[in-house]
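File shown: my_file_13.pdb. Contents: PDB, C-alpha atoms.
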ATOM      1  CA  MET A   1       0.000   0.000   0.000
ATOM      2  CA  PHE A   2       1.746   3.144  -1.228
ATOM      3  CA  GLY A   3      -0.212   6.368  -1.138
ATOM      4  CA  TYR A   4      -3.590   5.245  -2.471
ATOM      5  CA  ILE A   5      -5.549   4.593   0.708
ATOM      6  CA  ALA A   6      -6.927   7.841   2.114
ATOM      7  CA  PRO A   7     -10.090   9.153   3.806
ATOM      8  CA  ASP A   8     -12.853  11.209   2.253
ATOM      9  CA  ASN A   9     -11.804  14.319   4.179
ATOM     10  CA  PRO A  10     -15.064  16.347   4.000
ATOM     11  CA  TYR A  11     -16.793  13.450   5.790
ATOM     12  CA  LEU A  12     -14.013  12.756   8.304
ATOM     13  CA  PHE A  13     -14.841  13.632  11.910
ATOM     14  CA  LYS A  14     -12.323  15.845  13.698
ATOM     15  CA  LYS A  15     -11.720  13.164  16.335
ATOM     16  CA  ASP A  16     -10.821  10.688  13.586
ATOM     17  CA  GLU A  17      -8.511  13.150  11.885
ATOM     18  CA  VAL A  18      -6.648  13.556  15.194
ATOM     19  CA  LEU A  19      -6.498   9.770  15.642
ATOM     20  CA  TYR A  20      -5.273   9.248  12.072
ATOM     21  CA  LYS A  21      -2.433  11.746  12.479
ATOM     22  CA  ALA A  22      -1.537  10.349  15.911
ATOM     23  CA  LEU A  23      -1.335   6.841  14.464
ATOM     24  CA  TYR A  24       0.864   8.156  11.654
ATOM     25  CA  CYS A  25       3.277   9.808  14.089
ATOM     26  CA  GLY A  26       3.226   6.798  16.399
ATOM     27  CA  LEU A  27       3.990   4.469  13.514
ATOM     28  CA  CYS A  28       6.881   6.701  12.499
ATOM     29  CA  LYS A  29       8.407   6.279  15.962
ATOM     30  CA  SER A  30       7.680   2.553  15.899
ATOM     31  CA  ILE A  31       9.540   2.144  12.606
ATOM     32  CA  GLY A  32      12.505   3.927  14.148
ATOM     33  CA  ALA A  33      12.373   1.621  17.164
ATOM     34  CA  GLY A  34      11.994  -1.567  15.172
ATOM     35  CA  CYS A  35      13.724  -0.977  11.831
ATOM     36  CA  GLY A  36      16.057   1.988  12.301
ATOM     37  CA  GLN A  37      15.822   5.722  11.747
ATOM     38  CA  THR A  38      16.354   5.719   7.958
ATOM     39  CA  ALA A  39      13.398   3.390   7.445
ATOM     40  CA  ARG A  40      11.098   6.080   8.872
ATOM     41  CA  THR A  41      11.365   7.995   5.584
ATOM     42  CA  ALA A  42       9.265   5.312   3.842
ATOM     43  CA  LEU A  43       6.245   5.848   6.094
ATOM     44  CA  THR A  44       2.847   6.312   4.421
ATOM     45  CA  TYR A  45      -0.640   7.055   5.695
ATOM     46  CA  ASP A  46      -1.651   3.702   4.177
ATOM     47  CA  MET A  47       0.114   1.985   7.046
ATOM     48  CA  ALA A  48      -1.483   4.345   9.567
ATOM     49  CA  PHE A  49      -4.820   3.061   8.240
ATOM     50  CA  CYS A  50      -3.559  -0.507   8.635
ATOM     51  CA  SER A  51      -2.531   0.269  12.212
ATOM     52  CA  ALA A  52      -6.006   1.636  13.001
ATOM     53  CA  LEU A  53      -7.670  -1.425  11.483
ATOM     54  CA  VAL A  54      -5.464  -3.982  13.211
ATOM     55  CA  HIS A  55      -5.594  -2.302  16.636
ATOM     56  CA  ASN A  56      -9.393  -2.145  16.512
ATOM     57  CA  ILE A  57      -9.902  -5.735  15.392
ATOM     58  CA  ARG A  58      -7.437  -6.948  18.040
ATOM     59  CA  GLY A  59      -9.180  -4.891  20.706
ATOM     60  CA  GLU A  60      -6.000  -2.993  21.610
ATOM     61  CA  ASP A  61      -6.687   0.524  22.771
ATOM     62  CA  VAL A  62      -4.403   3.180  21.284
ATOM     63  CA  LYS A  63      -2.785   5.323  23.955
ATOM     64  CA  ILE A  64      -2.128   8.856  22.735
ATOM     65  CA  LYS A  65       0.028  11.502  24.355
ATOM     66  CA  LYS A  66       1.534  14.765  23.152
ATOM     67  CA  GLU A  67       5.182  14.578  22.143
ATOM     68  CA  ARG A  68       7.766  16.399  20.042
ATOM     69  CA  CYS A  69       9.651  14.906  17.131
ATOM     70  CA  ALA A  70      12.704  15.877  15.080
ATOM     71  CA  ILE A  71      10.592  17.503  12.361
ATOM     72  CA  HIS A  72       7.978  19.134  14.594
ATOM     73  CA  TRP A  73      10.190  19.882  17.575
ATOM     74  CA  PHE A  74       8.650  23.306  18.300
ATOM     75  CA  LYS A  75       5.182  22.004  19.163
ATOM     76  CA  ARG A  76       3.945  18.899  20.895
ATOM     77  CA  ARG A  77       1.645  16.739  18.747
ATOM     78  CA  PRO A  78      -0.681  13.827  19.575
ATOM     79  CA  VAL A  79       1.330  10.631  19.094
ATOM     80  CA  ALA A  80       0.154   7.032  19.473
ATOM     81  CA  ALA A  81       2.337   5.047  21.856
ATOM     82  CA  VAL A  82       4.720   2.460  20.445
ATOM     83  CA  ASP A  83       3.468  -1.102  21.000
ATOM     84  CA  ASP A  84       3.982  -4.571  19.554
ATOM     85  CA  THR A  85       1.328  -4.020  16.895
ATOM     86  CA  THR A  86       2.821  -0.786  15.582
ATOM     87  CA  ILE A  87       6.278  -2.380  15.578
ATOM     88  CA  ALA A  88       4.915  -5.224  13.427
ATOM     89  CA  VAL A  89       3.078  -2.829  11.080
ATOM     90  CA  GLY A  90       6.299  -0.808  10.828
ATOM     91  CA  CYS A  91       8.137  -3.953   9.746
ATOM     92  CA  VAL A  92       5.535  -4.478   7.011
ATOM     93  CA  ASN A  93       5.995  -0.876   5.868
ATOM     94  CA  THR A  94       9.786  -1.231   5.729
ATOM     95  CA  ALA A  95       9.794  -4.559   3.879
ATOM     96  CA  LEU A  96       7.229  -3.305   1.351
ATOM     97  CA  ALA A  97       9.300  -0.191   0.698
ATOM     98  CA  TYR A  98      12.467  -2.228   0.222
ATOM     99  CA  PHE A  99      10.933  -4.683  -2.231
ATOM    100  CA  LYS A 100       9.100  -1.910  -4.103
ATOM    101  CA  LEU A 101      12.428  -0.187  -4.740
ATOM    102  CA  CYS A 102      14.032  -3.499  -5.716
ATOM    103  CA  ASP A 103      11.235  -3.868  -8.262
ATOM    104  CA  ASP A 104      11.857  -0.311  -9.489
ATOM    105  CA  LYS A 105      15.530  -1.204  -9.943
ATOM    106  CA  ALA A 106      14.598  -4.282 -11.976
ATOM    107  CA  ASP A 107      12.336  -2.091 -14.136
ATOM    108  CA  GLY A 108      15.185   0.325 -14.816
ATOM    109  CA  ASP A 109      13.646   3.086 -12.702
ATOM    110  CA  LYS A 110      16.233   5.459 -11.211
ATOM    111  CA  ARG A 111      14.418   5.368  -7.876
ATOM    112  CA  GLY A 112      15.618   1.802  -7.484
ATOM    113  CA  ILE A 113      18.983   3.017  -6.250
ATOM    114  CA  LEU A 114      17.230   4.168  -3.063
ATOM    115  CA  ARG A 115      16.693   0.543  -2.029
ATOM    116  CA  HIS A 116      20.040   0.675  -0.258
ATOM    117  CA  LEU A 117      18.525   3.148   2.209
ATOM    118  CA  TYR A 118      16.153   0.459   3.473
ATOM    119  CA  LYS A 119      18.380  -2.613   3.247
ATOM    120  CA  LYS A 120      19.434  -2.369   6.894
ATOM    121  CA  GLY A 121      15.809  -1.827   7.954
ATOM    122  CA  TYR A 122      14.775  -4.879   5.956
ATOM    123  CA  LYS A 123      17.465  -6.962   7.677
ATOM    124  CA  LYS A 124      16.071  -5.861  11.037
ATOM    125  CA  THR A 125      12.590  -6.871   9.849
ATOM    126  CA  LEU A 126      14.035 -10.248   8.867
ATOM    127  CA  GLU A 127      15.431 -10.669  12.365
ATOM    128  CA  ARG A 128      12.411  -9.356  14.261
ATOM    129  CA  ASN A 129       9.569 -10.690  12.086
ATOM    130  CA  PRO A 130      10.890 -13.327   9.673
ATOM    131  CA  ARG A 131       7.339 -14.426   8.786
ATOM    132  CA  ILE A 132       6.483 -10.932   7.529
ATOM    133  CA  ALA A 133       9.683 -10.740   5.485
ATOM    134  CA  GLU A 134       9.095 -14.236   4.038
ATOM    135  CA  ILE A 135       5.527 -13.472   2.942
ATOM    136  CA  ILE A 136       6.491 -10.242   1.193
ATOM    137  CA  ALA A 137       9.569 -11.790  -0.466
ATOM    138  CA  ARG A 138       7.617 -14.829  -1.722
ATOM    139  CA  GLN A 139       4.653 -12.915  -3.101
ATOM    140  CA  THR A 140       6.926 -10.298  -4.662
ATOM    141  CA  GLU A 141       8.697 -13.143  -6.478
ATOM    142  CA  GLU A 142       5.328 -14.510  -7.643
ATOM    143  CA  GLN A 143       4.380 -11.047  -8.856
ATOM    144  CA  ALA A 144       7.640 -10.669 -10.767
ATOM    145  CA  ALA A 145       7.153 -14.046 -12.450
ATOM    146  CA  LEU A 146       3.678 -13.102 -13.694
ATOM    147  CA  GLU A 147       4.907  -9.763 -14.972
ATOM    148  CA  LYS A 148       7.903 -11.358 -16.701
ATOM    149  CA  ALA A 149       5.509 -13.758 -18.448
ATOM    150  CA  GLY A 150       3.486 -10.757 -19.672
ATOM    151  CA  CYS A 151       0.278 -11.776 -17.878
ATOM    152  CA  ALA A 152      -2.703 -10.121 -19.587
ATOM    153  CA  ILE A 153      -5.392 -11.328 -17.161
ATOM    154  CA  THR A 154      -6.182  -8.463 -14.802
ATOM    155  CA  GLU A 155      -7.284 -10.404 -11.733
ATOM    156  CA  GLN A 156      -4.541 -13.013 -12.110
ATOM    157  CA  ALA A 157      -1.896 -10.290 -12.151
ATOM    158  CA  ALA A 158      -3.348  -8.789  -8.956
ATOM    159  CA  GLU A 159      -3.461 -12.152  -7.157
ATOM    160  CA  PRO A 160       0.018 -12.120  -5.515
ATOM    161  CA  THR A 161      -0.574  -8.703  -3.912
ATOM    162  CA  ALA A 162      -4.023  -9.793  -2.720
ATOM    163  CA  VAL A 163      -2.656 -13.036  -1.254
ATOM    164  CA  MET A 164       0.225 -11.123   0.341
ATOM    165  CA  MET A 165      -2.156  -8.785   2.171
ATOM    166  CA  ARG A 166      -4.310 -11.702   3.309
ATOM    167  CA  GLU A 167      -1.295 -13.576   4.690
ATOM    168  CA  LEU A 168       0.119 -10.462   6.351
ATOM    169  CA  SER A 169      -3.241  -9.836   8.043
ATOM    170  CA  ARG A 170      -3.082 -13.334   9.542
ATOM    171  CA  VAL A 171       0.299 -12.515  11.072
ATOM    172  CA  LEU A 172      -0.774  -9.086  12.351
ATOM    173  CA  LEU A 173      -4.159 -10.206  13.699
ATOM    174  CA  ALA A 174      -3.020 -13.621  14.983
ATOM    175  CA  GLU A 175      -5.934 -15.258  16.832
ATOM    176  CA  TYR A 176      -8.278 -12.447  15.754
ATOM    177  CA  SER A 177      -7.906 -13.431  12.108
ATOM    178  CA  ASN A 178     -10.884 -15.148  10.457
ATOM    179  CA  SER A 179     -12.512 -15.640   7.058
ATOM    180  CA  ASP A 180     -14.006 -12.120   7.102
ATOM    181  CA  THR A 181     -10.686 -10.400   7.826
ATOM    182  CA  ASP A 182      -9.121 -12.608   5.143
ATOM    183  CA  LYS A 183     -11.661 -11.363   2.590
ATOM    184  CA  LEU A 184     -11.217  -7.728   3.587
ATOM    185  CA  PHE A 185      -7.422  -7.694   3.341
ATOM    186  CA  TYR A 186      -7.484  -9.789   0.157
ATOM    187  CA  ALA A 187      -9.824  -7.276  -1.507
ATOM    188  CA  LEU A 188      -7.703  -4.368  -0.255
ATOM    189  CA  GLY A 189      -4.574  -5.946  -1.730
ATOM    190  CA  LYS A 190      -6.197  -6.549  -5.100
ATOM    191  CA  TRP A 191      -7.551  -3.001  -5.140
ATOM    192  CA  VAL A 192      -4.129  -1.512  -4.381
ATOM    193  CA  TYR A 193      -2.500  -3.422  -7.247
ATOM    194  CA  LEU A 194      -5.141  -2.338  -9.775
ATOM    195  CA  ALA A 195      -5.165   1.254  -8.504
ATOM    196  CA  ASP A 196      -1.388   1.350  -8.963
ATOM    197  CA  ALA A 197      -1.736  -0.052 -12.498
ATOM    198  CA  LEU A 198      -4.228   2.689 -13.353
ATOM    199  CA  ASP A 199      -2.122   5.422 -11.787
ATOM    200  CA  ASP A 200       1.113   4.344 -13.492
ATOM    201  CA  TYR A 201      -0.480   3.462 -16.834
ATOM    202  CA  ASP A 202       0.763   6.345 -18.993
ATOM    203  CA  LYS A 203       4.218   6.294 -17.418
ATOM    204  CA  ASP A 204       4.551   2.525 -17.877
ATOM    205  CA  VAL A 205       3.478   2.681 -21.518
ATOM    206  CA  LYS A 206       5.855   5.549 -22.246
ATOM    207  CA  LYS A 207       8.808   3.706 -20.686
ATOM    208  CA  GLY A 208       7.889   0.307 -22.088
ATOM    209  CA  ARG A 209       7.320  -1.254 -18.664
ATOM    210  CA  TYR A 210       4.852  -3.979 -17.795
ATOM    211  CA  ASN A 211       1.303  -2.916 -16.998
ATOM    212  CA  VAL A 212      -1.432  -5.529 -16.902
ATOM    213  CA  LEU A 213      -4.088  -3.056 -18.063
ATOM    214  CA  TYR A 214      -2.082  -2.256 -21.181
ATOM    215  CA  ASN A 215      -1.568  -5.961 -21.863
ATOM    216  CA  ALA A 216      -5.279  -6.618 -21.333
ATOM    217  CA  TYR A 217      -6.796  -3.681 -23.230
ATOM    218  CA  GLY A 218      -4.006  -2.159 -25.307
ATOM    219  CA  GLY A 219      -4.984   1.505 -25.079
ATOM    220  CA  GLU A 220      -2.254   4.002 -25.916
ATOM    221  CA  CYS A 221      -3.211   6.035 -22.831
ATOM    222  CA  ARG A 222      -5.099   5.493 -19.601
ATOM    223  CA  MET A 223      -8.261   7.234 -20.746
ATOM    224  CA  ARG A 224      -8.434   5.152 -23.929
ATOM    225  CA  THR A 225      -8.051   1.994 -21.845
ATOM    226  CA  VAL A 226     -10.868   3.171 -19.572
ATOM    227  CA  GLU A 227     -13.007   3.610 -22.681
ATOM    228  CA  THR A 228     -12.222   0.181 -24.141
ATOM    229  CA  GLY A 229     -12.143  -1.886 -20.948
ATOM    230  CA  GLY A 230     -14.206   0.348 -18.715
ATOM    231  CA  ASN A 231     -17.201  -1.931 -18.178
ATOM    232  CA  GLU A 232     -15.046  -4.893 -17.237
ATOM    233  CA  LEU A 233     -12.863  -2.780 -14.933
ATOM    234  CA  LYS A 234     -15.938  -1.231 -13.313
ATOM    235  CA  PHE A 235     -17.265  -4.700 -12.607
ATOM    236  CA  ILE A 236     -13.973  -5.754 -10.993
ATOM    237  CA  PHE A 237     -13.743  -2.640  -8.816
ATOM    238  CA  ASP A 238     -17.429  -2.705  -7.858
ATOM    239  CA  TYR A 239     -17.054  -6.359  -6.876
ATOM    240  CA  LEU A 240     -14.081  -5.447  -4.653
ATOM    241  CA  PHE A 241     -16.090  -2.624  -3.046
ATOM    242  CA  ALA A 242     -18.920  -5.077  -2.332
ATOM    243  CA  GLU A 243     -16.478  -7.577  -0.798
ATOM    244  CA  MET A 244     -14.988  -4.879   1.438
ATOM    245  CA  ARG A 245     -18.417  -3.677   2.540
ATOM    246  CA  GLN A 246     -19.686  -7.179   3.280
ATOM    247  CA  SER A 247     -16.534  -8.178   5.168
ATOM    248  CA  LEU A 248     -16.517  -4.939   7.133
ATOM    249  CA  SER A 249     -20.073  -5.496   8.322
ATOM    250  CA  ALA A 250     -19.199  -8.985   9.582
ATOM    251  CA  ILE A 251     -15.972  -8.132  11.434
ATOM    252  CA  LYS A 252     -16.126  -7.501  15.172
ATOM    253  CA  PHE A 253     -14.670  -4.134  16.114
ATOM    254  CA  TYR A 254     -13.918  -3.373  19.761
ATOM    255  CA  PHE A 255     -13.952   0.432  19.438
ATOM    256  CA  ASN A 256     -15.476   3.146  17.303
ATOM    257  CA  HIS A 257     -14.625   2.429  13.664
ATOM    258  CA  ASP A 258     -15.694   5.678  12.001
ATOM    259  CA  LEU A 259     -12.161   6.258  10.686
ATOM    260  CA  THR A 260     -11.738   2.918   8.930
ATOM    261  CA  ASP A 261     -15.349   3.010   7.682
ATOM    262  CA  ASN A 262     -14.719   6.409   6.122
ATOM    263  CA  ILE A 263     -11.568   5.185   4.366
ATOM    264  CA  ILE A 264     -12.953   1.869   3.124
ATOM    265  CA  LEU A 265     -16.509   2.881   2.262
ATOM    266  CA  ARG A 266     -15.865   6.420   0.990
ATOM    267  CA  GLY A 267     -12.152   7.113   0.502
ATOM    268  CA  ILE A 268     -11.305   4.058  -1.585
ATOM    269  CA  PRO A 269     -14.219   4.454  -4.054
ATOM    270  CA  LEU A 270     -13.431   8.183  -4.300
ATOM    271  CA  LYS A 271      -9.798   7.472  -5.132
ATOM    272  CA  THR A 272     -10.867   4.898  -7.709
ATOM    273  CA  ARG A 273     -13.120   7.372  -9.489
ATOM    274  CA  SER A 274     -10.297   9.898  -9.479
ATOM    275  CA  LEU A 275      -7.937   7.388 -11.122
ATOM    276  CA  PHE A 276     -10.638   6.133 -13.486
ATOM    277  CA  TYR A 277     -11.779   9.462 -14.845
ATOM    278  CA  GLY A 278      -8.808  11.704 -14.153
ATOM    279  CA  CYS A 279     -10.897  14.041 -12.004
ATOM    280  CA  ASN A 280      -9.744  15.544  -8.749
ATOM    281  CA  GLY A 281     -11.184  14.503  -5.416
ATOM    282  CA  LYS A 282     -13.380  17.596  -5.051
ATOM    283  CA  LYS A 283     -15.127  17.094  -8.373
ATOM    284  CA  CYS A 284     -15.589  13.389  -7.734
ATOM    285  CA  ALA A 285     -17.012  14.054  -4.306
ATOM    286  CA  GLN A 286     -19.484  16.508  -5.797
ATOM    287  CA  GLY A 287     -20.694  13.904  -8.249
ATOM    288  CA  THR A 288     -19.590  15.635 -11.470
ATOM    289  CA  VAL A 289     -18.153  12.450 -12.971
ATOM    290  CA  ARG A 290     -20.175  10.625 -15.599
ATOM    291  CA  LYS A 291     -23.141   8.458 -14.641
ATOM    292  CA  GLY A 292     -22.439   4.896 -13.625
ATOM    293  CA  SER A 293     -19.185   5.787 -11.860
ATOM    294  CA  LEU A 294     -17.789   3.290  -9.438
ATOM    295  CA  ASN A 295     -19.752   2.954  -6.204
ATOM    296  CA  GLU A 296     -20.682   6.645  -6.374
ATOM    297  CA  GLN A 297     -21.887   7.990  -3.018
ATOM    298  CA  LYS A 298     -25.356   9.536  -3.137
ATOM    299  CA  GLU A 299     -26.174  12.000  -0.419
ATOM    300  CA  SER A 300     -29.723  12.190   0.877
TER
END

Full structure transcribed into structure tokens:
Amino acid sequence: MFGYIAPDNPYLFKKDEVLYKALYCGLCKSIGAGCGQTARTALTYDMAFCSALVHNIRGEDVKIKKERCAIHWFKRRPVAAVDDTTIAVGCVNTALAYFKLCDDKADGDKRGILRHLYKKGYKKTLERNPRIAEIIARQTEEQAALEKAGCAITEQAAEPTAVMMRELSRVLLAEYSNSDTDKLFYALGKWVYLADALDDYDKDVKKGRYNVLYNAYGGECRMRTVETGGNELKFIFDYLFAEMRQSLSAIKFYFNHDLTDNIILRGIPLKTRSLFYGCNGKKCAQGTVRKGSLNEQKES
């Protein structure tokens, strides 16, 4: 998960905004504690969302206190306390960042050279949570094999990322894992892969890199691909939204889950419409995209 999972801010309660930022800052400190200071630079809000989800399902209350940090030293900010769960989520974040940059290097992307920044953090992940490192390494290898073979089947190409998220959720949730959490994390993983393929489409085509949507639909640009394969892609995304909604309703949460509901039920569909139609979040939220858009929210 790299920068695609976000809330629908106009519908985010202030209390949840504070919690989200506190989880982000707490995860930053947890990465430093578990994987080293350099690894903190790979932090994303996606993992803050994951931290919120895992803590709530596990029934672990998040303790927040005001602290300073190196960047915001002049003012104390709400920060979630470091615990075993945030350490584990931080290890996931670090390993994902490392393998993403290794993949960029294999694709000839200049960013790949940055993988060396996270190599030490990945080694610490390997020592602290070998199961997490093994899952990410194995599914990344599966993903690379499919891409090398030129897979043109959209859902097949997204399978390794979906399976990876499902297996990681089992590690993070431990005894709280069940078939409903499996389905939720599996759908989230598949959505992330396809969202990334949409987002990177034009860049991948220009640089001659693998993109399953190009292999499947052959459009010279993202918008042409949306035109030619739009109905099929809509069906896939709408199915994933339905799976997330159904799983979410069946999962037992121990605390208020307004934050994760906002992100899963509103933020993810909003981001999808933005990627699908090239509109910005404000326009999408106001319903100015064409009719039949993906899981469009209708206000009463």

* To do: Fewer than 4 positions away in the same chain doesn't count, so skip those; otherwise give me all residues within 10 Å of A:Ser249, counting only C-alpha atoms, as a ChimeraX atom specification.
  => /A:180,244-245,253,261

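Of the residues listed (A:Tyr98, A:Glu67, A:Leu275, A:Phe241), A:Tyr98 shows the shortest atom-to-atom separation from A:Lys123; distances use only C-alpha atoms.
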
8 Å per side around stretch 214-224 of chain A: axis-aligned box centre and edge lengths, as AutoDock Vina command-line options:
--center_x -5.0 --center_y 0.3 --center_z -22.8 --size_x 22.9 --size_y 29.9 --size_z 22.3

* What do you get, as a VMD selection string, if you spell out every residue that the PyMOL selection byres ((chain A and resi 192-197) around 9) selects here? -> chain A and resid 1 to 2 4 to 5 154 to 155 157 to 159 161 to 162 187 to 191 198 to 201 204 211 to 214 237 271 to 272 275 to 276

* When the PyMOL selection byres ((chain A and resi 11) around 12) is applied to the file above, which residues end up in the set, as a PyMOL selection string? -> chain A and resi 6-10+12-17+258-259+261-263+265-267+270+285+297+299

* Go ahead and find all residues with at least one atom no further than 12 Å from (-11.1, -17.1, 8.3) in the file's coordinates, using all atoms listed in the file; report them as a VMD selection string. => chain A and resid 166 to 167 169 to 170 173 to 186 247 250 to 251

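Going from atom CA of A:Glu142 over to atom CA of A:Asp104, you cover 15.7 Å.
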
* Translate the PyMOL selection byres ((chain A and resi 118-122) around 7), as applied to the file shown, into an explicit residue set as a PyMOL selection string. => chain A and resi 35-36+38-39+94-95+98+115-117+123-126

Compile the contact shell of A:Thr260 as a PDB file with C-alpha atoms, in the frame of the given file: residues with an atom at most 8 Å away, counting all atoms listed in the file, same-chain residues fewer than 3 positions apart removed.
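Dumped everything to around07.pdb:
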ATOM      1  CA  PHE A  49      -4.820   3.061   8.240  1.00  0.00           C
ATOM      2  CA  ALA A  52      -6.006   1.636  13.001  1.00  0.00           C
ATOM      3  CA  LEU A  53      -7.670  -1.425  11.483  1.00  0.00           C
ATOM      4  CA  HIS A 257     -14.625   2.429  13.664  1.00  0.00           C
ATOM      5  CA  ILE A 263     -11.568   5.185   4.366  1.00  0.00           C
ATOM      6  CA  ILE A 264     -12.953   1.869   3.124  1.00  0.00           C
TER       7      ILE A 264
END

* Asked: Restricting the calculation to all atoms listed in the file, which member of A:Met223, A:Ala48, A:Ala145, A:Val171 is positioned closest to A:Asn129?
  ->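 That would be A:Val171, the residue with the smallest distance to A:Asn129.
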
* Minimum-distance residue to A:Ala137, chosen among A:Arg68, A:Lys100, A:Arg209, A:Lys252 (using only C-alpha atoms) -> A:Lys100

* Distance criterion (only C-alpha atoms): nearest to A:Gly150 out of A:Val79, A:Ala216, A:Gly112, A:Ala70 ->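 Counting only C-alpha atoms, the residue closest to A:Gly150 is A:Ala216.
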
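The gap separating atom CA of A:Tyr45 from atom CA of A:Val163 is 21.4 Å, in Å to one decimal.
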
* Go through A:Arg76, A:Gly229, A:Ile236, A:Cys102 one by one, measure the shortest atom-to-atom distance of each to A:Glu141 using all atoms listed in the file, and give the residue with the smallest value. =>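 Under the stated criterion, the closest residue is A:Cys102.
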
* **Point-to-point distance from atom CA of A:Arg224 to atom CA of A:Val205, Å rounded to tenths** => 12.4 Å

* Would you mind telling me which residue in A:Thr86, A:Ser51, A:Thr228, A:Gln156 lies nearest to A:Ser30 when using only C-alpha atoms? => A:Thr86

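Residue neighbourhood of A:Arg77, excluding near-sequence residues (fewer than 6 positions): Val18, Lys21, Ala22, Cys25, Ile64, Lys65, Lys66, Glu67, Arg68 and Cys69 of chain A, at 10 Å, using all atoms listed in the file.
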
* Neighbours of A:Gly90 within 8 Å (all atoms listed in the file; same-chain residues fewer than 6 positions away dropped), as a VMD selection string? -> chain A and resid 27 to 28 30 to 31 34 to 35 47

Can you patch up stretch 129-140 of chain A, filling it in to N, CA and C atoms, and show the result as an mmCIF file, keeping the file's coordinate frame?
data_model
loop_
_atom_site.group_PDB
_atom_site.id
_atom_site.type_symbol
_atom_site.label_atom_id
_atom_site.label_comp_id
_atom_site.auth_asym_id
_atom_site.auth_seq_id
_atom_site.Cartn_x
_atom_site.Cartn_y
_atom_site.Cartn_z
ATOM 1 N N ASN A 129 10.792 -10.055 12.576
ATOM 2 C CA ASN A 129 9.569 -10.690 12.086
ATOM 3 C C ASN A 129 9.847 -11.447 10.787
ATOM 4 N N PRO A 130 10.541 -12.588 10.891
ATOM 5 C CA PRO A 130 10.890 -13.327 9.673
ATOM 6 C C PRO A 130 9.680 -13.758 8.854
ATOM 7 N N ARG A 131 8.554 -14.017 9.515
ATOM 8 C CA ARG A 131 7.339 -14.426 8.786
ATOM 9 C C ARG A 131 6.862 -13.305 7.865
ATOM 10 N N ILE A 132 6.890 -12.075 8.350
ATOM 11 C CA ILE A 132 6.483 -10.932 7.529
ATOM 12 C C ILE A 132 7.413 -10.790 6.329
ATOM 13 N N ALA A 133 8.711 -10.865 6.569
ATOM 14 C CA ALA A 133 9.683 -10.740 5.485
ATOM 15 C C ALA A 133 9.511 -11.859 4.457
ATOM 16 N N GLU A 134 9.238 -13.086 4.938
ATOM 17 C CA GLU A 134 9.095 -14.236 4.038
ATOM 18 C C GLU A 134 7.861 -14.093 3.150
ATOM 19 N N ILE A 135 6.758 -13.647 3.719
ATOM 20 C CA ILE A 135 5.527 -13.472 2.942
ATOM 21 C C ILE A 135 5.737 -12.446 1.830
ATOM 22 N N ILE A 136 6.301 -11.309 2.178
ATOM 23 C CA ILE A 136 6.491 -10.242 1.193
ATOM 24 C C ILE A 136 7.485 -10.667 0.117
ATOM 25 N N ALA A 137 8.575 -11.330 0.514
ATOM 26 C CA ALA A 137 9.569 -11.790 -0.466
ATOM 27 C C ALA A 137 8.961 -12.810 -1.418
ATOM 28 N N ARG A 138 8.189 -13.769 -0.887
ATOM 29 C CA ARG A 138 7.617 -14.829 -1.722
ATOM 30 C C ARG A 138 6.584 -14.291 -2.699
ATOM 31 N N GLN A 139 5.699 -13.430 -2.214
ATOM 32 C CA GLN A 139 4.653 -12.915 -3.101
ATOM 33 C C GLN A 139 5.207 -11.897 -4.108
ATOM 34 N N THR A 140 6.266 -11.188 -3.710
ATOM 35 C CA THR A 140 6.926 -10.298 -4.662
ATOM 36 C C THR A 140 7.549 -11.097 -5.800
#
